[in-house]
file query.cif (mmCIF, C-alpha atoms)
data_model
#
loop_
_atom_site.group_PDB
_atom_site.id
_atom_site.type_symbol
_atom_site.label_atom_id
_atom_site.label_comp_id
_atom_site.auth_asym_id
_atom_site.auth_seq_id
_atom_site.Cartn_x
_atom_site.Cartn_y
_atom_site.Cartn_z
ATOM 1 C CA MET A 1 17.697 22.608 -3.868
ATOM 2 C CA THR A 2 15.205 19.792 -3.661
ATOM 3 C CA LEU A 3 11.695 20.365 -2.345
ATOM 4 C CA LEU A 4 9.883 17.142 -1.537
ATOM 5 C CA PHE A 5 6.314 18.396 -1.873
ATOM 6 C CA GLU A 6 3.090 16.633 -0.922
ATOM 7 C CA ASP A 7 -0.420 18.073 -0.903
ATOM 8 C CA GLU A 8 -3.066 15.949 0.785
ATOM 9 C CA GLY A 9 -6.729 16.545 1.495
ATOM 10 C CA ALA A 10 -9.518 17.775 -0.743
ATOM 11 C CA LEU A 11 -9.016 21.483 -0.026
ATOM 12 C CA ALA A 12 -6.937 23.357 -2.599
ATOM 13 C CA LEU A 13 -5.245 26.671 -1.900
ATOM 14 C CA PRO A 14 -5.866 29.288 -4.618
ATOM 15 C CA LEU A 15 -2.211 29.565 -5.686
ATOM 16 C CA GLU A 16 0.669 27.605 -7.187
ATOM 17 C CA CYS A 17 1.738 26.050 -3.889
ATOM 18 C CA LYS A 18 4.806 24.090 -4.973
ATOM 19 C CA GLU A 19 6.255 26.898 -7.080
ATOM 20 C CA LEU A 20 5.790 29.521 -4.370
ATOM 21 C CA ALA A 21 7.245 27.159 -1.769
ATOM 22 C CA GLU A 22 10.347 26.621 -3.919
ATOM 23 C CA THR A 23 10.751 30.380 -4.292
ATOM 24 C CA VAL A 24 10.473 31.033 -0.541
ATOM 25 C CA VAL A 25 12.750 28.127 0.398
ATOM 26 C CA GLU A 26 15.417 29.355 -2.044
ATOM 27 C CA ALA A 27 15.094 32.913 -0.702
ATOM 28 C CA ALA A 28 15.485 31.682 2.882
ATOM 29 C CA LEU A 29 18.553 29.622 1.944
ATOM 30 C CA ASP A 30 20.085 32.663 0.262
ATOM 31 C CA TYR A 31 19.136 34.923 3.177
ATOM 32 C CA VAL A 32 21.123 32.859 5.686
ATOM 33 C CA ASN A 33 23.926 32.228 3.174
ATOM 34 C CA CYS A 34 23.558 28.465 3.376
ATOM 35 C CA PRO A 35 26.708 27.175 1.661
ATOM 36 C CA TYR A 36 25.127 23.848 0.664
ATOM 37 C CA GLU A 37 22.517 22.578 -1.711
ATOM 38 C CA ALA A 38 19.642 21.557 0.535
ATOM 39 C CA GLU A 39 16.648 19.262 0.747
ATOM 40 C CA VAL A 40 13.387 20.277 2.443
ATOM 41 C CA SER A 41 10.167 18.305 2.761
ATOM 42 C CA LEU A 42 6.834 20.176 2.727
ATOM 43 C CA LEU A 43 3.495 18.562 3.507
ATOM 44 C CA LEU A 44 0.257 20.498 3.051
ATOM 45 C CA THR A 45 -2.495 18.886 5.063
ATOM 46 C CA MET A 46 -5.728 19.517 6.936
ATOM 47 C CA ASN A 47 -6.458 20.551 10.538
ATOM 48 C CA GLY A 48 -7.230 17.020 11.703
ATOM 49 C CA GLU A 49 -3.927 15.618 10.501
ATOM 50 C CA ILE A 50 -1.800 18.474 11.823
ATOM 51 C CA GLN A 51 -3.626 18.230 15.159
ATOM 52 C CA GLU A 52 -2.634 14.556 15.380
ATOM 53 C CA MET A 53 1.002 15.452 14.672
ATOM 54 C CA ASN A 54 0.921 18.311 17.168
ATOM 55 C CA ARG A 55 -0.473 15.966 19.809
ATOM 56 C CA GLU A 56 2.075 13.241 19.041
ATOM 57 C CA PHE A 57 5.206 15.374 18.774
ATOM 58 C CA ARG A 58 4.460 18.374 21.012
ATOM 59 C CA GLN A 59 1.790 16.989 23.365
ATOM 60 C CA ILE A 60 -0.524 19.856 22.342
ATOM 61 C CA ASP A 61 -3.948 18.561 21.342
ATOM 62 C CA ARG A 62 -5.104 21.208 18.869
ATOM 63 C CA ALA A 63 -4.605 22.111 15.252
ATOM 64 C CA THR A 64 -1.807 24.540 14.512
ATOM 65 C CA ASP A 65 -0.809 26.450 11.399
ATOM 66 C CA VAL A 66 2.689 25.047 10.868
ATOM 67 C CA LEU A 67 5.027 22.471 12.364
ATOM 68 C CA SER A 68 8.764 22.380 11.773
ATOM 69 C CA PHE A 69 10.928 19.322 12.214
ATOM 70 C CA PRO A 70 14.608 20.315 11.881
ATOM 71 C CA MET A 71 17.074 17.561 11.016
ATOM 72 C CA VAL A 72 20.174 19.557 11.981
ATOM 73 C CA ASP A 73 21.283 20.185 15.564
ATOM 74 C CA TYR A 74 22.882 23.612 15.245
ATOM 75 C CA GLU A 75 25.546 24.784 17.623
ATOM 76 C CA LYS A 76 24.425 28.336 16.771
ATOM 77 C CA ALA A 77 21.362 29.217 14.684
ATOM 78 C CA GLY A 78 22.140 29.924 11.064
ATOM 79 C CA GLN A 79 25.794 28.857 11.362
ATOM 80 C CA PHE A 80 26.776 26.015 9.036
ATOM 81 C CA ASP A 81 30.545 25.767 9.677
ATOM 82 C CA PHE A 82 30.281 22.742 11.962
ATOM 83 C CA LEU A 83 28.666 20.700 9.165
ATOM 84 C CA GLU A 84 31.872 20.460 7.148
ATOM 85 C CA ASN A 85 32.621 16.957 8.472
ATOM 86 C CA ALA A 86 29.119 15.969 9.614
ATOM 87 C CA ASP A 87 28.134 13.481 6.916
ATOM 88 C CA ALA A 88 25.041 12.331 8.853
ATOM 89 C CA TYR A 89 23.216 15.539 7.871
ATOM 90 C CA PHE A 90 23.714 15.034 4.141
ATOM 91 C CA HIS A 91 21.688 12.834 1.816
ATOM 92 C CA PRO A 92 23.903 9.883 0.875
ATOM 93 C CA GLU A 93 22.848 9.940 -2.794
ATOM 94 C CA SER A 94 22.311 13.623 -3.632
ATOM 95 C CA GLY A 95 24.836 15.097 -1.195
ATOM 96 C CA GLU A 96 22.266 17.735 -0.223
ATOM 97 C CA LEU A 97 21.971 19.017 3.335
ATOM 98 C CA MET A 98 18.782 17.501 4.766
ATOM 99 C CA LEU A 99 17.274 20.473 6.593
ATOM 100 C CA GLY A 100 14.035 18.870 7.729
ATOM 101 C CA ASP A 101 10.290 18.817 7.326
ATOM 102 C CA ILE A 102 7.580 21.465 7.241
ATOM 103 C CA VAL A 103 3.893 20.661 7.728
ATOM 104 C CA ILE A 104 1.259 23.318 6.994
ATOM 105 C CA SER A 105 -2.490 23.247 7.589
ATOM 106 C CA LYS A 106 -4.243 24.518 4.470
ATOM 107 C CA GLU A 107 -7.328 25.347 6.534
ATOM 108 C CA LYS A 108 -5.222 27.522 8.849
ATOM 109 C CA VAL A 109 -3.598 29.276 5.876
ATOM 110 C CA LEU A 110 -7.043 30.341 4.652
ATOM 111 C CA SER A 111 -8.532 31.258 8.033
ATOM 112 C CA GLN A 112 -5.466 33.137 9.301
ATOM 113 C CA ALA A 113 -5.009 35.023 6.031
ATOM 114 C CA GLU A 114 -8.549 36.307 6.448
ATOM 115 C CA GLU A 115 -8.123 36.934 10.184
ATOM 116 C CA PHE A 116 -4.886 38.915 9.719
ATOM 117 C CA GLY A 117 -5.997 40.694 6.550
ATOM 118 C CA HIS A 118 -3.261 39.128 4.399
ATOM 119 C CA SER A 119 -3.514 37.548 0.996
ATOM 120 C CA VAL A 120 -3.432 33.745 0.971
ATOM 121 C CA GLN A 121 -0.160 34.001 -0.964
ATOM 122 C CA ARG A 122 1.424 36.216 1.683
ATOM 123 C CA HIS A 123 0.340 34.059 4.606
ATOM 124 C CA TYR A 124 1.440 30.812 2.960
ATOM 125 C CA ALA A 125 4.832 32.354 2.111
ATOM 126 C CA PHE A 126 5.128 33.711 5.673
ATOM 127 C CA LEU A 127 4.559 30.261 7.199
ATOM 128 C CA ILE A 128 7.229 28.746 4.949
ATOM 129 C CA ALA A 129 9.743 31.513 5.744
ATOM 130 C CA HIS A 130 8.980 31.124 9.468
ATOM 131 C CA SER A 131 9.438 27.382 9.328
ATOM 132 C CA MET A 132 12.650 27.630 7.297
ATOM 133 C CA LEU A 133 14.137 29.766 10.062
ATOM 134 C CA HIS A 134 13.283 26.980 12.507
ATOM 135 C CA LEU A 135 15.037 24.527 10.161
ATOM 136 C CA PHE A 136 18.113 26.782 10.432
ATOM 137 C CA GLY A 137 17.998 26.561 14.236
ATOM 138 C CA TYR A 138 16.210 29.813 15.083
ATOM 139 C CA ASP A 139 13.481 29.933 17.706
ATOM 140 C CA HIS A 140 11.116 32.455 19.297
ATOM 141 C CA MET A 141 10.797 31.339 22.895
ATOM 142 C CA GLU A 142 12.271 34.572 24.267
ATOM 143 C CA ASP A 143 11.438 38.141 23.213
ATOM 144 C CA ALA A 144 14.856 38.812 21.662
ATOM 145 C CA GLN A 145 14.614 35.617 19.611
ATOM 146 C CA ARG A 146 11.057 36.450 18.549
ATOM 147 C CA ILE A 147 12.070 39.936 17.409
ATOM 148 C CA GLU A 148 15.037 38.516 15.478
ATOM 149 C CA MET A 149 12.845 35.922 13.731
ATOM 150 C CA GLU A 150 10.148 38.484 12.912
ATOM 151 C CA THR A 151 12.765 40.766 11.357
ATOM 152 C CA MET A 152 14.269 37.962 9.298
ATOM 153 C CA GLN A 153 10.853 36.707 8.114
ATOM 154 C CA LYS A 154 9.910 40.200 6.996
ATOM 155 C CA GLU A 155 13.221 40.696 5.183
ATOM 156 C CA ILE A 156 12.882 37.377 3.323
ATOM 157 C CA LEU A 157 9.347 38.237 2.202
ATOM 158 C CA ASN A 158 10.328 41.804 1.306
ATOM 159 C CA GLN A 159 13.106 40.482 -0.922
ATOM 160 C CA LEU A 160 10.429 38.501 -2.755
ATOM 161 C CA GLN A 161 8.115 41.528 -2.812
ATOM 162 C CA ILE A 162 5.510 39.584 -0.853
ATOM 163 C CA THR A 163 4.258 42.211 1.552
ATOM 164 C CA ARG A 164 1.215 42.838 3.702
#

call {"tool": "encode", "arguments": {"input": "query.cif", "output": "structure tokens"}}
result
Amino acid sequence: MTLLFEDEGALALPLECKELAETVVEAALDYVNCPYEAEVSLLLTMNGEIQEMNREFRQIDRATDVLSFPMVDYEKAGQFDFLENADAYFHPESGELMLGDIVISKEKVLSQAEEFGHSVQRHYAFLIAHSMLHLFGYDHMEDAQRIEMETMQKEILNQLQITR
């Protein structure tokens, strides 16, 4: 697994961000039984920058906690069978499945952790697990989907012993 990690902005989160991200990404890959080595990009940024991205890509002009940009168009969420002959989704040099990009607002990690009564570690890990599920094709637009994603997020974090 390759994590392309970038941390921009003066604010630092009080944890080992890259190492925890690698741990959560690996756990999510294992959870969905991804049969491929994978590549994920993670950008930690500030509210202003994520607001610009949210406005540009989602036409929502406000800061958000996390944005997910999946590279794979799944036929069914979490099902990788169709990728067997889909070379366009694999990095030409490494051969890794290019899952997509995650962007997280460090300011939102801190404020939401406090708001929800979570540790910064738990909230950061939660946002990565949530976004990884989006990179696997899951969504939460309908109640059944939301419940499924919430269950999976909790199970991933529980496996890592990162609880509320």

call {"tool": "closest_residue", "arguments": {"input": "query.cif", "among": "A:Ala27, A:Leu3, A:Leu11, A:Met152", "to": "Glu39 of chain A", "atoms": "all atoms listed in the file"}}
result
A:Leu3

call {"tool": "closest_residue", "arguments": {"input": "query.cif", "among": "A:Asp143, A:Glu96, A:Asp7, A:Glu150", "to": "Ser131 of chain A", "atoms": "all atoms listed in the file"}}
result
A:Glu150

call {"tool": "residues_around", "arguments": {"input": "query.cif", "residues": "segment 160-164 of chain A", "least_positions_apart": "6", "cutoff": "8 Å", "atoms": "all atoms listed in the file", "output": "PyMOL selection string"}}
result
chain A and resi 24+27+118-119+121-122+125

call {"tool": "closest_residue", "arguments": {"input": "query.cif", "among": "A:Met98, A:Val103, A:Leu44, A:Leu83", "to": "Thr2 of chain A", "atoms": "all atoms listed in the file"}}
result
A:Met98

call {"tool": "residues_around", "arguments": {"input": "query.cif", "residues": "Glu75 of chain A", "least_positions_apart": "5", "cutoff": "9 Å", "atoms": "all atoms listed in the file", "output": "MDAnalysis selection string"}}
result
chainID A and resid 80 82 137

call {"tool": "axis_aligned_box", "arguments": {"input": "query.cif", "around": "segment 46-50 of chain A", "padding_each_side": "5 Å", "output": "lines of an AutoDock Vina configuration file"}}
result
center_x = -4.5
center_y = 18.1
center_z = 9.4
size_x = 15.4
size_y = 14.9
size_z = 14.9

call {"tool": "resolve_selection", "arguments": {"input": "query.cif", "expression": "the PyMOL selection byres ((chain A and resi 126-129) around 8)", "output": "list in words"}}
result
Ala21, Val24, Val25, Ala28, Asp65, Val66, Ile102, Ile104, Arg122, His123, Tyr124, Ala125, His130, Ser131, Met132, Leu133, Gln153, Ile156 and Leu157 of chain A

call {"tool": "build_atoms", "arguments": {"input": "query.cif", "residues": "segment 21-34 of chain A", "atoms": "N, CA, C and O atoms", "output": "short mmCIF file (atom, residue, chain, number, x, y, z; two decimals), keeping the file's coordinate frame"}}
result
data_model
loop_
_atom_site.label_atom_id
_atom_site.label_comp_id
_atom_site.auth_asym_id
_atom_site.auth_seq_id
_atom_site.Cartn_x
_atom_site.Cartn_y
_atom_site.Cartn_z
N ALA A 21 6.42 27.75 -2.82
CA ALA A 21 7.24 27.16 -1.77
C ALA A 21 8.71 27.10 -2.20
O ALA A 21 9.61 27.44 -1.42
N GLU A 22 8.97 26.68 -3.43
CA GLU A 22 10.35 26.62 -3.92
C GLU A 22 10.99 28.00 -3.89
O GLU A 22 12.16 28.14 -3.48
N THR A 23 10.24 29.01 -4.28
CA THR A 23 10.75 30.38 -4.29
C THR A 23 11.11 30.85 -2.88
O THR A 23 12.18 31.43 -2.66
N VAL A 24 10.23 30.59 -1.92
CA VAL A 24 10.47 31.03 -0.54
C VAL A 24 11.62 30.24 0.09
O VAL A 24 12.47 30.82 0.78
N VAL A 25 11.66 28.95 -0.15
CA VAL A 25 12.75 28.13 0.40
C VAL A 25 14.09 28.61 -0.14
O VAL A 25 15.05 28.79 0.62
N GLU A 26 14.18 28.85 -1.45
CA GLU A 26 15.42 29.36 -2.04
C GLU A 26 15.80 30.71 -1.45
O GLU A 26 16.97 30.96 -1.14
N ALA A 27 14.82 31.59 -1.27
CA ALA A 27 15.09 32.91 -0.70
C ALA A 27 15.61 32.79 0.73
O ALA A 27 16.53 33.52 1.13
N ALA A 28 15.03 31.89 1.50
CA ALA A 28 15.48 31.68 2.88
C ALA A 28 16.91 31.12 2.91
O ALA A 28 17.73 31.56 3.72
N LEU A 29 17.20 30.18 2.03
CA LEU A 29 18.55 29.62 1.94
C LEU A 29 19.56 30.72 1.60
O LEU A 29 20.64 30.80 2.20
N ASP A 30 19.20 31.55 0.64
CA ASP A 30 20.08 32.66 0.26
C ASP A 30 20.23 33.66 1.40
O ASP A 30 21.32 34.18 1.65
N TYR A 31 19.13 33.93 2.10
CA TYR A 31 19.14 34.92 3.18
C TYR A 31 20.14 34.56 4.27
O TYR A 31 20.83 35.43 4.80
N VAL A 32 20.19 33.28 4.62
CA VAL A 32 21.12 32.86 5.69
C VAL A 32 22.47 32.43 5.12
O VAL A 32 23.33 31.93 5.87
N ASN A 33 22.67 32.61 3.82
CA ASN A 33 23.93 32.23 3.17
C ASN A 33 24.29 30.77 3.41
O ASN A 33 25.43 30.44 3.74
N CYS A 34 23.30 29.90 3.24
CA CYS A 34 23.56 28.46 3.38
C CYS A 34 24.54 28.05 2.28
O CYS A 34 24.27 28.25 1.09
#
